[in-house]
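To be precise, the following lines are coords-v5.cif, and they hold mmCIF, C-alpha atoms.
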data_structure
#
loop_
_atom_site.group_PDB
_atom_site.id
_atom_site.type_symbol
_atom_site.label_atom_id
_atom_site.label_comp_id
_atom_site.auth_asym_id
_atom_site.auth_seq_id
_atom_site.Cartn_x
_atom_site.Cartn_y
_atom_site.Cartn_z
ATOM 1 C CA MET A 144 -157.501 -79.415 152.578
ATOM 2 C CA LYS A 145 -160.674 -80.395 150.797
ATOM 3 C CA SER A 146 -159.347 -78.999 147.514
ATOM 4 C CA ASN A 147 -156.251 -81.188 147.882
ATOM 5 C CA SER A 148 -158.362 -84.287 148.411
ATOM 6 C CA TYR A 149 -160.327 -83.481 145.242
ATOM 7 C CA ILE A 150 -157.056 -83.573 143.333
ATOM 8 C CA LEU A 151 -155.420 -86.487 145.156
ATOM 9 C CA LEU A 152 -158.317 -88.932 144.976
ATOM 10 C CA PRO A 153 -158.642 -88.876 141.166
ATOM 11 C CA LEU A 154 -154.863 -89.087 140.875
ATOM 12 C CA LEU A 155 -154.725 -92.130 143.170
ATOM 13 C CA PHE A 156 -157.565 -93.719 141.218
ATOM 14 C CA LEU A 157 -155.770 -93.078 137.927
ATOM 15 C CA VAL A 158 -152.475 -94.479 139.276
ATOM 16 C CA SER A 159 -154.220 -97.625 140.518
ATOM 17 C CA ILE A 160 -155.879 -98.134 137.116
ATOM 18 C CA LEU A 161 -152.580 -97.683 135.313
ATOM 19 C CA THR A 162 -150.842 -100.064 137.741
ATOM 20 C CA PHE A 163 -153.436 -102.788 137.184
ATOM 21 C CA SER A 164 -153.348 -102.125 133.442
ATOM 22 C CA CYS A 165 -149.556 -102.530 133.349
ATOM 23 C CA LYS A 166 -149.800 -105.745 135.331
ATOM 24 C CA ASP A 167 -152.435 -107.051 132.907
ATOM 25 C CA ASP A 168 -150.246 -106.080 129.946
ATOM 26 C CA ASN A 169 -147.229 -107.804 131.485
ATOM 27 C CA ARG A 170 -149.268 -110.916 132.224
ATOM 28 C CA PHE A 171 -150.622 -110.953 128.662
ATOM 29 C CA GLU A 172 -147.121 -110.547 127.180
ATOM 30 C CA LYS A 173 -145.766 -113.392 129.327
ATOM 31 C CA GLU A 174 -148.678 -115.627 128.297
ATOM 32 C CA GLN A 175 -148.039 -114.837 124.628
ATOM 33 C CA GLU A 176 -144.313 -115.516 125.022
ATOM 34 C CA LEU A 177 -145.074 -118.835 126.693
ATOM 35 C CA LYS A 178 -147.501 -119.802 123.910
ATOM 36 C CA LEU A 179 -144.920 -118.901 121.239
ATOM 37 C CA THR A 180 -142.220 -120.890 123.044
ATOM 38 C CA GLN A 181 -144.495 -123.917 123.298
ATOM 39 C CA HIS A 182 -145.471 -123.576 119.637
ATOM 40 C CA ASN A 183 -141.819 -123.285 118.564
ATOM 41 C CA ASP A 184 -141.042 -126.416 120.578
ATOM 42 C CA SER A 185 -143.772 -128.196 118.615
ATOM 43 C CA VAL A 186 -142.368 -126.843 115.328
ATOM 44 C CA TYR A 187 -138.865 -128.024 116.201
ATOM 45 C CA GLU A 188 -140.179 -131.460 117.183
ATOM 46 C CA PHE A 189 -142.113 -131.671 113.905
ATOM 47 C CA LEU A 190 -139.102 -130.647 111.812
ATOM 48 C CA THR A 191 -136.819 -133.098 113.594
ATOM 49 C CA LYS A 192 -139.226 -135.964 112.829
ATOM 50 C CA ASN A 193 -140.375 -134.944 109.350
ATOM 51 C CA TRP A 194 -137.445 -133.199 107.633
ATOM 52 C CA ASN A 195 -136.877 -136.112 105.286
ATOM 53 C CA LEU A 196 -136.018 -134.424 102.002
ATOM 54 C CA ARG A 197 -134.623 -136.958 99.578
ATOM 55 C CA ILE A 198 -133.715 -137.414 95.950
ATOM 56 C CA PRO A 199 -134.734 -140.808 94.528
ATOM 57 C CA GLU A 200 -132.073 -143.265 93.404
ATOM 58 C CA THR A 201 -131.457 -143.141 89.671
ATOM 59 C CA THR A 202 -130.321 -145.581 87.010
ATOM 60 C CA PRO A 203 -126.558 -145.907 86.465
ATOM 61 C CA GLU A 204 -126.834 -144.002 83.165
ATOM 62 C CA LEU A 205 -128.610 -141.016 84.686
ATOM 63 C CA ASP A 206 -126.445 -141.198 87.792
ATOM 64 C CA GLN A 207 -123.321 -140.802 85.657
ATOM 65 C CA ILE A 208 -124.764 -137.702 83.992
ATOM 66 C CA LEU A 209 -125.784 -136.206 87.351
ATOM 67 C CA GLN A 210 -122.391 -136.989 88.903
ATOM 68 C CA GLU A 211 -120.765 -134.744 86.297
ATOM 69 C CA TRP A 212 -123.314 -131.932 86.794
ATOM 70 C CA LYS A 213 -121.707 -129.927 89.602
ATOM 71 C CA PRO A 214 -124.678 -127.641 90.481
ATOM 72 C CA TRP A 215 -126.874 -130.720 90.899
ATOM 73 C CA GLN A 216 -124.288 -132.410 93.109
ATOM 74 C CA GLU A 217 -124.112 -129.329 95.347
ATOM 75 C CA LEU A 218 -127.906 -129.378 95.700
ATOM 76 C CA ALA A 219 -127.973 -133.138 96.349
ATOM 77 C CA GLN A 220 -125.280 -132.820 99.019
ATOM 78 C CA GLU A 221 -127.264 -130.108 100.820
ATOM 79 C CA VAL A 222 -130.472 -132.169 100.621
ATOM 80 C CA ARG A 223 -128.720 -135.113 102.312
ATOM 81 C CA LEU A 224 -127.665 -133.017 105.330
ATOM 82 C CA LYS A 225 -130.263 -132.800 108.108
ATOM 83 C CA PRO A 226 -130.233 -129.867 110.545
ATOM 84 C CA VAL A 227 -130.438 -130.876 114.208
ATOM 85 C CA SER A 228 -129.673 -128.056 116.638
ATOM 86 C CA SER A 229 -132.560 -125.567 116.377
ATOM 87 C CA ILE A 230 -135.285 -124.046 114.218
ATOM 88 C CA GLY A 231 -132.632 -121.544 113.129
ATOM 89 C CA ALA A 232 -130.575 -124.418 111.689
ATOM 90 C CA PHE A 233 -133.568 -125.552 109.611
ATOM 91 C CA GLN A 234 -134.109 -121.964 108.459
ATOM 92 C CA LYS A 235 -130.471 -121.667 107.338
ATOM 93 C CA ARG A 236 -130.691 -124.967 105.469
ATOM 94 C CA SER A 237 -133.860 -123.910 103.655
ATOM 95 C CA VAL A 238 -132.212 -120.619 102.636
ATOM 96 C CA ARG A 239 -129.234 -122.557 101.282
ATOM 97 C CA LEU A 240 -131.464 -124.960 99.337
ATOM 98 C CA ALA A 241 -133.381 -122.039 97.802
ATOM 99 C CA GLU A 242 -130.076 -120.421 96.780
ATOM 100 C CA LEU A 243 -128.751 -123.627 95.209
ATOM 101 C CA ILE A 244 -131.882 -124.385 93.181
ATOM 102 C CA SER A 245 -131.936 -120.773 91.981
ATOM 103 C CA SER A 246 -128.276 -121.048 90.964
ATOM 104 C CA LEU A 247 -128.953 -124.335 89.178
ATOM 105 C CA THR A 248 -131.556 -122.716 86.921
ATOM 106 C CA TYR A 249 -128.882 -120.321 85.592
ATOM 107 C CA GLN A 250 -126.207 -122.987 85.071
ATOM 108 C CA GLU A 251 -125.604 -124.920 81.885
ATOM 109 C CA TYR A 252 -127.561 -128.181 81.830
ATOM 110 C CA PRO A 253 -126.035 -131.442 80.587
ATOM 111 C CA ALA A 254 -126.904 -131.914 76.911
ATOM 112 C CA GLU A 255 -129.127 -134.918 77.694
ATOM 113 C CA LEU A 256 -131.147 -132.871 80.186
ATOM 114 C CA ASN A 257 -131.184 -129.498 78.449
ATOM 115 C CA LEU A 258 -134.857 -129.813 77.542
ATOM 116 C CA PRO A 259 -137.979 -127.708 78.275
ATOM 117 C CA ASP A 260 -139.783 -130.437 80.228
ATOM 118 C CA ILE A 261 -136.781 -130.881 82.545
ATOM 119 C CA LYS A 262 -136.530 -127.123 83.111
ATOM 120 C CA THR A 263 -140.262 -126.984 83.885
ATOM 121 C CA ARG A 264 -139.833 -129.656 86.554
ATOM 122 C CA VAL A 265 -136.856 -127.765 87.992
ATOM 123 C CA SER A 266 -139.002 -124.615 88.178
ATOM 124 C CA LEU A 267 -141.674 -126.498 90.147
ATOM 125 C CA LEU A 268 -139.006 -127.738 92.544
ATOM 126 C CA GLN A 269 -137.656 -124.196 92.877
ATOM 127 C CA THR A 270 -141.129 -122.905 93.810
ATOM 128 C CA ALA A 271 -141.506 -125.612 96.457
ATOM 129 C CA LEU A 272 -138.093 -124.882 98.014
ATOM 130 C CA ASN A 273 -138.808 -121.129 98.001
ATOM 131 C CA ASN A 274 -142.128 -121.820 99.749
ATOM 132 C CA LEU A 275 -140.361 -123.870 102.416
ATOM 133 C CA ASN A 276 -137.977 -120.996 103.017
ATOM 134 C CA MET A 277 -140.896 -118.554 103.284
ATOM 135 C CA PHE A 278 -142.980 -120.768 105.621
ATOM 136 C CA LEU A 279 -140.030 -121.095 108.020
ATOM 137 C CA GLU A 280 -139.595 -117.321 108.242
ATOM 138 C CA VAL A 281 -143.207 -116.396 109.070
ATOM 139 C CA GLU A 282 -144.148 -116.360 112.769
ATOM 140 C CA PRO A 283 -145.924 -118.256 114.084
ATOM 141 C CA ILE A 284 -144.674 -121.052 111.818
ATOM 142 C CA ASP A 285 -147.570 -123.013 110.320
ATOM 143 C CA ILE A 286 -146.856 -126.732 110.821
ATOM 144 C CA LYS A 287 -149.570 -127.823 108.360
ATOM 145 C CA LYS A 288 -148.014 -125.735 105.585
ATOM 146 C CA LEU A 289 -144.578 -127.135 106.396
ATOM 147 C CA ASP A 290 -145.908 -130.684 106.279
ATOM 148 C CA HIS A 291 -147.597 -130.117 102.920
ATOM 149 C CA ASP A 292 -144.547 -128.432 101.407
ATOM 150 C CA ILE A 293 -142.004 -131.024 102.569
ATOM 151 C CA LYS A 294 -144.157 -133.738 100.978
ATOM 152 C CA TYR A 295 -144.504 -131.621 97.831
ATOM 153 C CA ILE A 296 -140.725 -131.126 97.597
ATOM 154 C CA ASN A 297 -140.156 -134.876 97.712
ATOM 155 C CA ARG A 298 -142.840 -135.338 95.054
ATOM 156 C CA ALA A 299 -141.171 -132.650 92.913
ATOM 157 C CA PHE A 300 -137.840 -134.483 93.193
ATOM 158 C CA ARG A 301 -139.542 -137.748 92.159
ATOM 159 C CA LEU A 302 -141.238 -136.124 89.165
ATOM 160 C CA LEU A 303 -138.020 -134.426 88.091
ATOM 161 C CA THR A 304 -135.847 -137.546 88.225
ATOM 162 C CA ALA A 305 -138.614 -139.599 86.552
ATOM 163 C CA GLN A 306 -138.708 -137.049 83.716
ATOM 164 C CA MET A 307 -134.925 -137.241 83.390
ATOM 165 C CA GLU A 308 -135.101 -141.052 83.197
ATOM 166 C CA GLU A 309 -137.901 -140.889 80.621
ATOM 167 C CA ASN A 310 -135.987 -138.484 78.379
ATOM 168 C CA ILE A 311 -132.833 -140.606 78.504
ATOM 169 C CA ARG A 312 -134.854 -143.742 77.781
ATOM 170 C CA LYS A 313 -136.460 -142.109 74.746
ATOM 171 C CA ALA A 314 -133.093 -140.846 73.514
ATOM 172 C CA ASN A 315 -131.761 -144.413 73.589
ATOM 173 C CA ILE A 316 -134.575 -145.861 71.467
ATOM 174 C CA PRO A 317 -133.119 -146.373 67.982
ATOM 175 C CA GLN A 318 -134.943 -144.385 65.327
ATOM 176 C CA GLU A 319 -136.241 -145.921 62.118
ATOM 177 C CA GLU A 320 -134.562 -144.851 58.916
ATOM 178 C CA GLY A 321 -135.864 -141.437 57.900
ATOM 179 C CA GLU A 322 -137.681 -140.904 61.237
ATOM 180 C CA ALA A 323 -135.440 -138.027 62.314
ATOM 181 C CA GLU A 324 -136.063 -136.196 59.035
ATOM 182 C CA MET A 325 -139.802 -136.776 59.309
ATOM 183 C CA LEU A 326 -139.938 -135.468 62.899
ATOM 184 C CA GLU A 327 -137.899 -132.431 61.914
ATOM 185 C CA ALA A 328 -140.275 -131.724 59.009
ATOM 186 C CA ILE A 329 -143.287 -131.973 61.362
ATOM 187 C CA ASP A 330 -141.621 -129.645 63.839
ATOM 188 C CA THR A 331 -140.790 -127.161 61.061
ATOM 189 C CA GLU A 332 -144.407 -127.215 59.889
ATOM 190 C CA ARG A 333 -145.650 -126.607 63.457
ATOM 191 C CA ARG A 334 -143.391 -123.596 63.822
ATOM 192 C CA ALA A 335 -144.528 -122.232 60.451
ATOM 193 C CA ASN A 336 -148.245 -122.743 61.267
ATOM 194 C CA PRO A 337 -148.638 -122.485 65.060
ATOM 195 C CA THR A 338 -152.419 -121.995 64.923
ATOM 196 C CA THR A 339 -153.206 -125.157 62.948
ATOM 197 C CA GLU A 340 -152.737 -127.334 66.024
ATOM 198 C CA ASN A 341 -155.623 -125.599 67.761
ATOM 199 C CA VAL A 342 -158.091 -125.945 64.879
ATOM 200 C CA THR A 343 -160.846 -128.500 65.531
ATOM 201 C CA GLU A 344 -163.369 -129.794 63.068
#
Full structure transcribed into structure tokens:
Amino acid sequence: MKSNSYILLPLLFLVSILTFSCKDDNRFEKEQELKLTQHNDSVYEFLTKNWNLRIPETTPELDQILQEWKPWQELAQEVRLKPVSSIGAFQKRSVRLAELISSLTYQEYPAELNLPDIKTRVSLLQTALNNLNMFLEVEPIDIKKLDHDIKYINRAFRLLTAQMEENIRKANIPQEEGEAEMLEAIDTERRANPTTENVTE
């Protein structure tokens, strides 16, 4: 009988420890789930209030060019639509925006916008939209990073459209007689002697 009690007592002690441990684990998991749910509610509330992606209005001349640029119109249409139902809806929209900006970089640009400085601005916008997509997929979602990136995306749109306007404005300035030939000669010389620009006295 005594030998049985020597076996039973440690077993009962072990079972009680495991029971309490399981209860603690369950309690901890429920607390973590509750925290995540509350955090996701905060994220959804933030996105609903602050998802204000927008492309600035453009001059009639640029607007006409952009109207005929189908990849841009697809992107602009997606930017105008605001998700409403859930965080998942915002995630799907960000994926779609990242896909469209990526597609745009491989499409033919309008002749007036087929310039390195425009493509550089598009690349910056692409990075920002890819970041938004990434930030929405990482749990827990970081609201501060979302806030910064949404503001940066709007800034990237402003810089891009401003660059487009600037290039069109410059293209419309009439050149002096012989100016085109002179600029071409300077450009040819730069290409022939790329290091001379970096030489300082």
Chain and number of each residue from the PyMOL selection byres ((chain A and resi 292) around 9), as a PDB file with C-alpha atoms, in the coordinates of the input:
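Dumped to part.pdb:
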ATOM      1  CA  ALA A 271    -141.506-125.612  96.457  1.00  0.00           C
ATOM      2  CA  LEU A 272    -138.093-124.882  98.014  1.00  0.00           C
ATOM      3  CA  ASN A 274    -142.128-121.820  99.749  1.00  0.00           C
ATOM      4  CA  LEU A 275    -140.361-123.870 102.416  1.00  0.00           C
ATOM      5  CA  PHE A 278    -142.980-120.768 105.621  1.00  0.00           C
ATOM      6  CA  LYS A 287    -149.570-127.823 108.360  1.00  0.00           C
ATOM      7  CA  LYS A 288    -148.014-125.735 105.585  1.00  0.00           C
ATOM      8  CA  LEU A 289    -144.578-127.135 106.396  1.00  0.00           C
ATOM      9  CA  ASP A 290    -145.908-130.684 106.279  1.00  0.00           C
ATOM     10  CA  HIS A 291    -147.597-130.117 102.920  1.00  0.00           C
ATOM     11  CA  ILE A 293    -142.004-131.024 102.569  1.00  0.00           C
ATOM     12  CA  LYS A 294    -144.157-133.738 100.978  1.00  0.00           C
ATOM     13  CA  TYR A 295    -144.504-131.621  97.831  1.00  0.00           C
ATOM     14  CA  ILE A 296    -140.725-131.126  97.597  1.00  0.00           C
ATOM     15  CA  ASN A 297    -140.156-134.876  97.712  1.00  0.00           C
TER      16      ASN A 297
END
So what does the PyMOL selection byres ((chain A and resi 199-202) around 8) actually pick up in this one, as a ChimeraX atom specification? /A:197-198,203-206,300-301,304,308
I would like the residues chosen by the PyMOL selection byres ((chain A and resi 190) around 12) on the shown file; could you give them as number ranges by chain? A: 183-189, 191-196, 225-234, 236-237, 275, 279, 284-290, 292-293
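Between CA of Leu303 (chain A) and CA of Leu268 (chain A) there is a distance of 8.1 Å.
Nearest to Tyr249 (chain A) of all the residues A:Lys235, A:Trp215, A:Met277, A:Val222 is A:Trp215, based on only C-alpha atoms.
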From CA of Ala254 (chain A) to CA of Val238 (chain A) the spacing works out at 28.6 Å
Box along x, y and z, 8 Å on every side, all listed atoms of region 257-276 of chain A inside: centre and edge lengths in Å to one decimal, as JSON.
{"center_x": -136.7, "center_y": -125.9, "center_z": 90.3, "size_x": 26.9, "size_y": 25.9, "size_z": 41.5}
Selection: 8 Å around region 259-267 of chain A, only C-alpha atoms, excl. self and same-chain fewer than 3 positions, as a PyMOL selection string: chain A and resi 244+248+256+270-271+299+302-303+306-307
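Distance-wise, CA of Glu174 (chain A) and CA of Pro283 (chain A) end up 14.7 Å apart.
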Between A:Glu255, A:Glu309, A:Glu282, A:Glu242, single out the one closest to Glu217 (chain A), counting all atoms listed in the file. A:Glu242
